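Encoded as structure tokens, the structure appears first; notes follow it.
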Amino acid sequence: MAKKDYYETLGVSKGATAEEIKKAYRKTALKYHPDRNPDNKQAEEKFKEAAEAYDVLGNAEKKAKYDQFGHQAFDGNGGFGGGAGMNMDDIFSHFGDIFGGGGGNGGGDPFESFFGGGRSRGGARSRGVRGSNLRVKVSLSMKDIANGVQKTIKVKKNVACSTCNGLGAKDASSFHKCNTCGGSGAVRKVTNTFLGQMQTTATCPTCNGEGQTISAKCVACNGNGSVYGEETITLDIPAGVSEGMQLSMSGKGNAGQRGGSPGDLIIAIEEEKDAELIRDEHNVVYPLFITFAEAALGAQIEVPTIDGKAKVKIPAGTQPGKVLRLQGKGFPGVNSYHRGDQLIYINVWVPKVLSDDEKKSIEKLSTSKNFKPAPDKSEKSFFERMKNIFG
């Protein structure tokens, strides 16, 4: 039997735009949807024909081939395999997006608004209820953050019941097909509306959509499939994380009920304050106080860094506010090769109390021309240095 022309199936002309073809398919699919035409084989066939037609006309490349060669262009490999082996699951899985996000008058799903949540396509849902997520806080030192660290923590949570392996039943013979839904996980209901009789589907209230009931529960977990316990978890924290950042470990949250999948473990990062160093994004800041003699004569001074101590050279004649840089001594970016620096801000310590001899020595020095301020062209101006310090 010759196939019906795809344009005729959707009720559009060959010059129809892509949007017109999509609208025509929506209209036809809604008209012949099985939930609006229960036990109507003819309507079901028309619903399938519309889906096959849109598979071709809704694709620019396939449409061009069809316009040139007709159905012969898809013999054996077009649409849903040339129309062979089509079923409702194929149609819903391939074309569900046509009816979502703006398909209906209110921007929702027409199948949902017309058919009370849509057609039950996969039978009973997966067994069990997914476990909830857990959230833990992990405190890290600067060294941990700079280099990455592996930490082992103990988490109190719901774990799978070892007696029933998380299934919630006493044994395998305790599972039975649900009598209410016949194992489908859904129940159907026919209601009268202004459009006529509508068939809706809903989750089975007896088995909660699982399609099975348990006649004898596990005594250890009372049928939940999980018990309160503790798990030791190893965390691999990457280098470069920062305060407030959250990492996630899939499947390490609370165990699911009756064989459901576990939730996730959310790891919130907290930075421990360092006694000497200050973090500034990827850089590390260290305020260094030196004596007047060290600033004037120069010196070699040991300073703390993330990884330990390092020696820095203070050039003779160093002015307050000068910034020394230790390249690569800062923090890396997460999943990045870039690493920040350590910035050393020079401060000259002025003594508050002087002896008489010290006062005389300083007074004598103050008369020297070298101790009077003068512009230094090799240094930035005072205002530029202040801008450097205070941003």
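Residue numbering restarts at 1 in every chain; chains get A, B, ... in the order shown in the structure tokens, and ligands count up from 1 in that same order.
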Q. Contacts of Glu49 (chain A) at 10 Å or less, counting only C-alpha atoms, minus same-chain residues fewer than 5 places along, as a list in words?
A. Lys3, Lys4, Tyr6, Thr9, Leu10, Thr28, Ala29, Ala43, Glu44, Tyr54, Asp55, Gly83 and Met86 of chain A
Got time to write the residues from that selection, N, CA and C atoms, as a PDB file, in the first residue's frame?
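Once written, again-v4.pdb looks like this:
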ATOM      1  N   LYS A   3       2.337   4.903   0.575  1.00  0.00           N
ATOM      2  CA  LYS A   3       2.267   5.790   1.732  1.00  0.00           C
ATOM      3  C   LYS A   3       1.589   7.097   1.353  1.00  0.00           C
ATOM      4  N   LYS A   4       0.897   7.672   2.329  1.00  0.00           N
ATOM      5  CA  LYS A   4       0.216   8.934   2.128  1.00  0.00           C
ATOM      6  C   LYS A   4       1.244  10.059   2.049  1.00  0.00           C
ATOM      7  N   TYR A   6       3.299  13.177   2.840  1.00  0.00           N
ATOM      8  CA  TYR A   6       3.554  13.757   4.155  1.00  0.00           C
ATOM      9  C   TYR A   6       2.898  15.127   4.318  1.00  0.00           C
ATOM     10  N   THR A   9      -0.641  14.540   5.017  1.00  0.00           N
ATOM     11  CA  THR A   9      -0.834  14.015   6.369  1.00  0.00           C
ATOM     12  C   THR A   9      -0.945  15.141   7.392  1.00  0.00           C
ATOM     13  N   LEU A  10      -0.077  16.160   7.255  1.00  0.00           N
ATOM     14  CA  LEU A  10      -0.085  17.275   8.199  1.00  0.00           C
ATOM     15  C   LEU A  10      -1.001  18.409   7.767  1.00  0.00           C
ATOM     16  N   THR A  28      -2.296  18.165  14.683  1.00  0.00           N
ATOM     17  CA  THR A  28      -2.660  16.795  14.294  1.00  0.00           C
ATOM     18  C   THR A  28      -2.393  15.806  15.425  1.00  0.00           C
ATOM     19  N   ALA A  29      -1.253  15.963  16.097  1.00  0.00           N
ATOM     20  CA  ALA A  29      -0.902  15.055  17.191  1.00  0.00           C
ATOM     21  C   ALA A  29      -1.896  15.169  18.340  1.00  0.00           C
ATOM     22  N   ALA A  43      -7.208   6.108  15.037  1.00  0.00           N
ATOM     23  CA  ALA A  43      -6.606   7.344  15.524  1.00  0.00           C
ATOM     24  C   ALA A  43      -5.136   7.129  15.877  1.00  0.00           C
ATOM     25  N   GLU A  44      -4.817   5.975  16.438  1.00  0.00           N
ATOM     26  CA  GLU A  44      -3.435   5.674  16.792  1.00  0.00           C
ATOM     27  C   GLU A  44      -2.552   5.628  15.556  1.00  0.00           C
ATOM     28  N   TYR A  54       6.308  14.438  10.373  1.00  0.00           N
ATOM     29  CA  TYR A  54       7.056  15.562  10.942  1.00  0.00           C
ATOM     30  C   TYR A  54       8.539  15.234  11.053  1.00  0.00           C
ATOM     31  N   ASP A  55       8.876  13.962  11.267  1.00  0.00           N
ATOM     32  CA  ASP A  55      10.280  13.573  11.334  1.00  0.00           C
ATOM     33  C   ASP A  55      11.003  13.956  10.052  1.00  0.00           C
ATOM     34  N   GLY A  83       9.493   3.896   8.728  1.00  0.00           N
ATOM     35  CA  GLY A  83       8.141   3.649   9.211  1.00  0.00           C
ATOM     36  C   GLY A  83       7.983   2.293   9.840  1.00  0.00           C
ATOM     37  N   MET A  86       7.609   1.219  14.393  1.00  0.00           N
ATOM     38  CA  MET A  86       7.238   2.385  15.182  1.00  0.00           C
ATOM     39  C   MET A  86       6.420   1.985  16.396  1.00  0.00           C
TER      40      MET A  86
END
**Q.** Shortest interatomic distance to Cys218 (chain A) - which of A:Ala202, A:Ala169, A:Ile233, A:Leu265, counting only C-alpha atoms
**A.**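 Of the candidates, the smallest distance to Cys218 (chain A) is held by A:Ala169.
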Please report, as a CSV table (one decimal) with N, CA and C atoms, in the first residue's frame, each residue of region 235-356 of chain A to which DSSP assigns strand (DSSP E) when run on this structure's backbone.
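Saved the output as result.csv:
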chain,number,residue,atom,x,y,z
A,235,LEU,N,38.0,12.7,50.5
A,235,LEU,CA,37.7,13.8,49.6
A,235,LEU,C,39.0,14.3,48.9
A,236,ASP,N,39.0,14.4,47.6
A,236,ASP,CA,40.1,14.9,46.8
A,236,ASP,C,39.8,16.4,46.5
A,237,ILE,N,40.4,17.3,47.3
A,237,ILE,CA,40.2,18.7,47.1
A,237,ILE,C,41.2,19.3,46.1
A,246,GLN,N,31.6,25.4,46.4
A,246,GLN,CA,31.0,24.1,46.8
A,246,GLN,C,31.4,23.1,45.8
A,247,LEU,N,31.8,21.9,46.3
A,247,LEU,CA,32.2,20.8,45.4
A,247,LEU,C,31.1,19.7,45.6
A,248,SER,N,31.0,18.8,44.7
A,248,SER,CA,29.9,17.8,44.8
A,248,SER,C,30.5,16.4,44.5
A,249,MET,N,30.1,15.4,45.3
A,249,MET,CA,30.5,14.0,45.1
A,249,MET,C,29.2,13.3,44.9
A,265,LEU,N,26.8,14.3,47.9
A,265,LEU,CA,27.5,15.0,49.1
A,265,LEU,C,28.0,16.4,48.6
A,266,ILE,N,27.5,17.4,49.2
A,266,ILE,CA,27.9,18.8,48.8
A,266,ILE,C,29.0,19.2,49.8
A,267,ILE,N,30.2,19.6,49.4
A,267,ILE,CA,31.3,20.0,50.2
A,267,ILE,C,31.5,21.5,50.1
A,268,ALA,N,31.2,22.2,51.2
A,268,ALA,CA,31.4,23.7,51.3
A,268,ALA,C,32.8,24.0,51.8
A,269,ILE,N,33.5,24.8,51.1
A,269,ILE,CA,34.9,25.1,51.4
A,269,ILE,C,35.0,26.3,52.4
A,270,GLU,N,35.8,26.2,53.5
A,270,GLU,CA,36.0,27.3,54.4
A,270,GLU,C,37.6,27.4,54.5
A,271,GLU,N,38.0,28.7,54.4
A,271,GLU,CA,39.4,29.0,54.5
A,271,GLU,C,39.8,29.3,55.9
A,278,ILE,N,48.0,37.1,54.0
A,278,ILE,CA,46.7,37.5,53.6
A,278,ILE,C,46.4,37.1,52.2
A,279,ARG,N,45.3,36.5,51.9
A,279,ARG,CA,45.0,36.1,50.6
A,279,ARG,C,44.3,37.2,49.8
A,280,ASP,N,44.7,37.5,48.6
A,280,ASP,CA,44.1,38.5,47.7
A,280,ASP,C,43.9,37.8,46.3
A,283,ASN,N,46.8,36.0,44.6
A,283,ASN,CA,48.0,36.5,45.2
A,283,ASN,C,48.0,36.3,46.8
A,284,VAL,N,49.2,36.4,47.3
A,284,VAL,CA,49.4,36.4,48.8
A,284,VAL,C,50.1,37.7,49.2
A,285,VAL,N,49.6,38.3,50.2
A,285,VAL,CA,50.1,39.6,50.7
A,285,VAL,C,50.8,39.4,52.0
A,286,TYR,N,52.0,40.0,52.2
A,286,TYR,CA,52.7,39.9,53.4
A,286,TYR,C,53.2,41.3,53.7
A,287,PRO,N,52.8,42.0,54.8
A,287,PRO,CA,53.3,43.3,55.2
A,287,PRO,C,54.6,43.1,56.0
A,288,LEU,N,55.7,43.6,55.5
A,288,LEU,CA,57.0,43.4,56.1
A,288,LEU,C,57.5,44.7,56.8
A,289,PHE,N,57.8,44.7,58.1
A,289,PHE,CA,58.3,45.8,58.8
A,289,PHE,C,59.8,45.7,58.9
A,290,ILE,N,60.6,46.7,58.4
A,290,ILE,CA,62.0,46.7,58.5
A,290,ILE,C,62.5,47.9,59.3
A,291,THR,N,63.7,47.9,59.8
A,291,THR,CA,64.3,49.0,60.5
A,291,THR,C,64.7,50.1,59.6
A,299,ALA,N,69.4,44.8,53.2
A,299,ALA,CA,69.5,43.7,54.1
A,299,ALA,C,69.0,42.5,53.4
A,300,GLN,N,69.2,41.3,54.0
A,300,GLN,CA,68.6,40.1,53.5
A,300,GLN,C,67.7,39.5,54.7
A,301,ILE,N,66.4,39.4,54.4
A,301,ILE,CA,65.5,39.1,55.5
A,301,ILE,C,64.6,37.9,55.1
A,302,GLU,N,64.4,37.1,56.1
A,302,GLU,CA,63.6,35.8,55.9
A,302,GLU,C,62.1,36.2,56.1
A,303,VAL,N,61.2,35.8,55.2
A,303,VAL,CA,59.8,36.0,55.3
A,303,VAL,C,59.0,34.7,55.1
A,304,PRO,N,57.8,34.6,55.7
A,304,PRO,CA,57.0,33.4,55.5
A,304,PRO,C,56.3,33.4,54.2
A,305,THR,N,56.2,32.2,53.6
A,305,THR,CA,55.4,32.0,52.4
A,305,THR,C,54.4,30.8,52.7
A,308,GLY,N,56.6,27.7,53.3
A,308,GLY,CA,57.7,27.8,54.3
A,308,GLY,C,58.3,29.1,54.3
A,309,LYS,N,59.6,29.1,54.6
A,309,LYS,CA,60.3,30.4,54.7
A,309,LYS,C,61.1,30.6,53.4
A,310,ALA,N,61.3,31.9,53.1
A,310,ALA,CA,62.1,32.3,51.9
A,310,ALA,C,62.8,33.6,52.3
A,311,LYS,N,64.0,33.8,51.7
A,311,LYS,CA,64.8,35.0,51.9
A,311,LYS,C,64.6,36.0,50.8
A,312,VAL,N,64.5,37.2,51.2
A,312,VAL,CA,64.3,38.3,50.2
A,312,VAL,C,65.4,39.3,50.4
A,313,LYS,N,65.8,39.9,49.3
A,313,LYS,CA,66.9,41.0,49.4
A,313,LYS,C,66.2,42.3,49.5
A,314,ILE,N,66.6,43.1,50.5
A,314,ILE,CA,66.1,44.5,50.6
A,314,ILE,C,67.2,45.4,50.0
A,323,VAL,N,56.9,47.6,46.9
A,323,VAL,CA,56.4,46.2,46.9
A,323,VAL,C,57.4,45.3,46.2
A,324,LEU,N,57.8,44.3,46.9
A,324,LEU,CA,58.6,43.2,46.4
A,324,LEU,C,57.7,42.1,45.9
A,325,ARG,N,58.1,41.4,44.9
A,325,ARG,CA,57.3,40.3,44.3
A,325,ARG,C,58.0,39.0,44.3
A,326,LEU,N,57.4,37.9,44.8
A,326,LEU,CA,58.0,36.6,44.7
A,326,LEU,C,57.1,35.9,43.7
A,342,GLN,N,53.5,36.2,45.5
A,342,GLN,CA,53.4,36.8,46.8
A,342,GLN,C,54.0,38.2,46.8
A,343,LEU,N,53.2,39.1,47.3
A,343,LEU,CA,53.5,40.5,47.3
A,343,LEU,C,53.9,41.0,48.7
A,344,ILE,N,55.1,41.5,48.8
A,344,ILE,CA,55.7,41.9,50.1
A,344,ILE,C,55.6,43.5,50.2
A,345,TYR,N,54.8,44.0,51.0
A,345,TYR,CA,54.7,45.4,51.2
A,345,TYR,C,55.7,45.9,52.3
A,346,ILE,N,56.6,46.8,51.9
A,346,ILE,CA,57.6,47.3,52.8
A,346,ILE,C,57.1,48.4,53.7
A,347,ASN,N,57.3,48.2,55.0
A,347,ASN,CA,57.0,49.3,56.0
A,347,ASN,C,58.2,49.5,56.8
A,348,VAL,N,58.6,50.8,57.0
A,348,VAL,CA,59.8,51.1,57.8
A,348,VAL,C,59.3,51.4,59.3
A,349,TRP,N,59.9,50.7,60.2
A,349,TRP,CA,59.5,50.9,61.6
A,349,TRP,C,60.2,52.1,62.2
Q.
Would you compute the distance between CA of Glu281 (chain A) and CA of Val138 (chain A)? Give it in Å to one decimal.
A. 19.2 Å
Q.
Please list as a PyMOL selection string every residue within 10 Å of Val155 (chain A), counting only C-alpha atoms and excluding residues in the same chain fewer than 5 positions away.
A. chain A and resi 134-136+229-233+252-254+265
Same residues, N, CA, C and O atoms, output as an mmCIF file, in the first residue's frame:
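Ended up saving to again_8.cif:
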data_model
loop_
_atom_site.group_PDB
_atom_site.id
_atom_site.type_symbol
_atom_site.label_atom_id
_atom_site.label_comp_id
_atom_site.auth_asym_id
_atom_site.auth_seq_id
_atom_site.Cartn_x
_atom_site.Cartn_y
_atom_site.Cartn_z
ATOM 1 N N LEU A 134 23.472 15.618 51.069
ATOM 2 C CA LEU A 134 24.068 15.999 52.349
ATOM 3 C C LEU A 134 25.046 17.148 52.115
ATOM 4 O O LEU A 134 25.634 17.263 51.027
ATOM 5 N N ARG A 135 25.234 17.987 53.131
ATOM 6 C CA ARG A 135 26.165 19.109 53.020
ATOM 7 C C ARG A 135 27.127 19.086 54.203
ATOM 8 O O ARG A 135 26.703 18.996 55.350
ATOM 9 N N VAL A 136 28.416 19.146 53.910
ATOM 10 C CA VAL A 136 29.433 19.189 54.957
ATOM 11 C C VAL A 136 30.362 20.377 54.700
ATOM 12 O O VAL A 136 30.507 20.838 53.566
ATOM 13 N N GLY A 229 23.521 5.449 59.894
ATOM 14 C CA GLY A 229 24.855 4.911 60.168
ATOM 15 C C GLY A 229 25.930 5.935 59.877
ATOM 16 O O GLY A 229 25.691 7.145 59.899
ATOM 17 N N GLU A 230 27.115 5.455 59.563
ATOM 18 C CA GLU A 230 28.268 6.329 59.342
ATOM 19 C C GLU A 230 29.105 5.765 58.208
ATOM 20 O O GLU A 230 29.237 4.552 58.054
ATOM 21 N N GLU A 231 29.666 6.666 57.408
ATOM 22 C CA GLU A 231 30.539 6.239 56.311
ATOM 23 C C GLU A 231 31.803 7.093 56.305
ATOM 24 O O GLU A 231 31.756 8.309 56.515
ATOM 25 N N THR A 232 32.932 6.447 56.082
ATOM 26 C CA THR A 232 34.200 7.160 55.946
ATOM 27 C C THR A 232 34.420 7.478 54.472
ATOM 28 O O THR A 232 34.416 6.579 53.629
ATOM 29 N N ILE A 233 34.604 8.752 54.178
ATOM 30 C CA ILE A 233 34.692 9.204 52.792
ATOM 31 C C ILE A 233 36.006 9.954 52.591
ATOM 32 O O ILE A 233 36.404 10.784 53.403
ATOM 33 N N LYS A 252 27.230 10.100 47.207
ATOM 34 C CA LYS A 252 27.775 9.997 48.558
ATOM 35 C C LYS A 252 26.868 10.653 49.599
ATOM 36 O O LYS A 252 27.287 10.862 50.736
ATOM 37 N N GLY A 253 25.632 10.957 49.218
ATOM 38 C CA GLY A 253 24.680 11.521 50.169
ATOM 39 C C GLY A 253 23.914 10.419 50.880
ATOM 40 O O GLY A 253 24.394 9.283 51.006
ATOM 41 N N ASN A 254 22.705 10.729 51.350
ATOM 42 C CA ASN A 254 21.879 9.733 52.036
ATOM 43 C C ASN A 254 21.471 8.626 51.080
ATOM 44 O O ASN A 254 21.183 8.874 49.898
ATOM 45 N N LEU A 265 26.839 14.338 47.926
ATOM 46 C CA LEU A 265 27.480 14.998 49.055
ATOM 47 C C LEU A 265 28.003 16.355 48.580
ATOM 48 O O LEU A 265 28.811 16.423 47.654
#
(Q) If we count only C-alpha atoms and set the cut-off at 10 Å, which residues sit around Arg258 (chain A), ignoring sequence neighbours fewer than 4 positions away in its own chain? Please answer as a ChimeraX atom specification. (A) /A:127-130,160-161,164-169,221,223-226
(Q) From the options A:Ala239, A:Pro262, A:Ala53, A:Ala255, which residue's atoms come nearest to Val149 (chain A), counting only C-alpha atoms? (A) A:Ala239
Q: Work out how far CA of Lys156 (chain A) is from CA of Glu243 (chain A), in Å to one decimal.
A: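 Value for the CA of Glu243 (chain A)-CA of Lys156 (chain A) distance: 23.9 Å.
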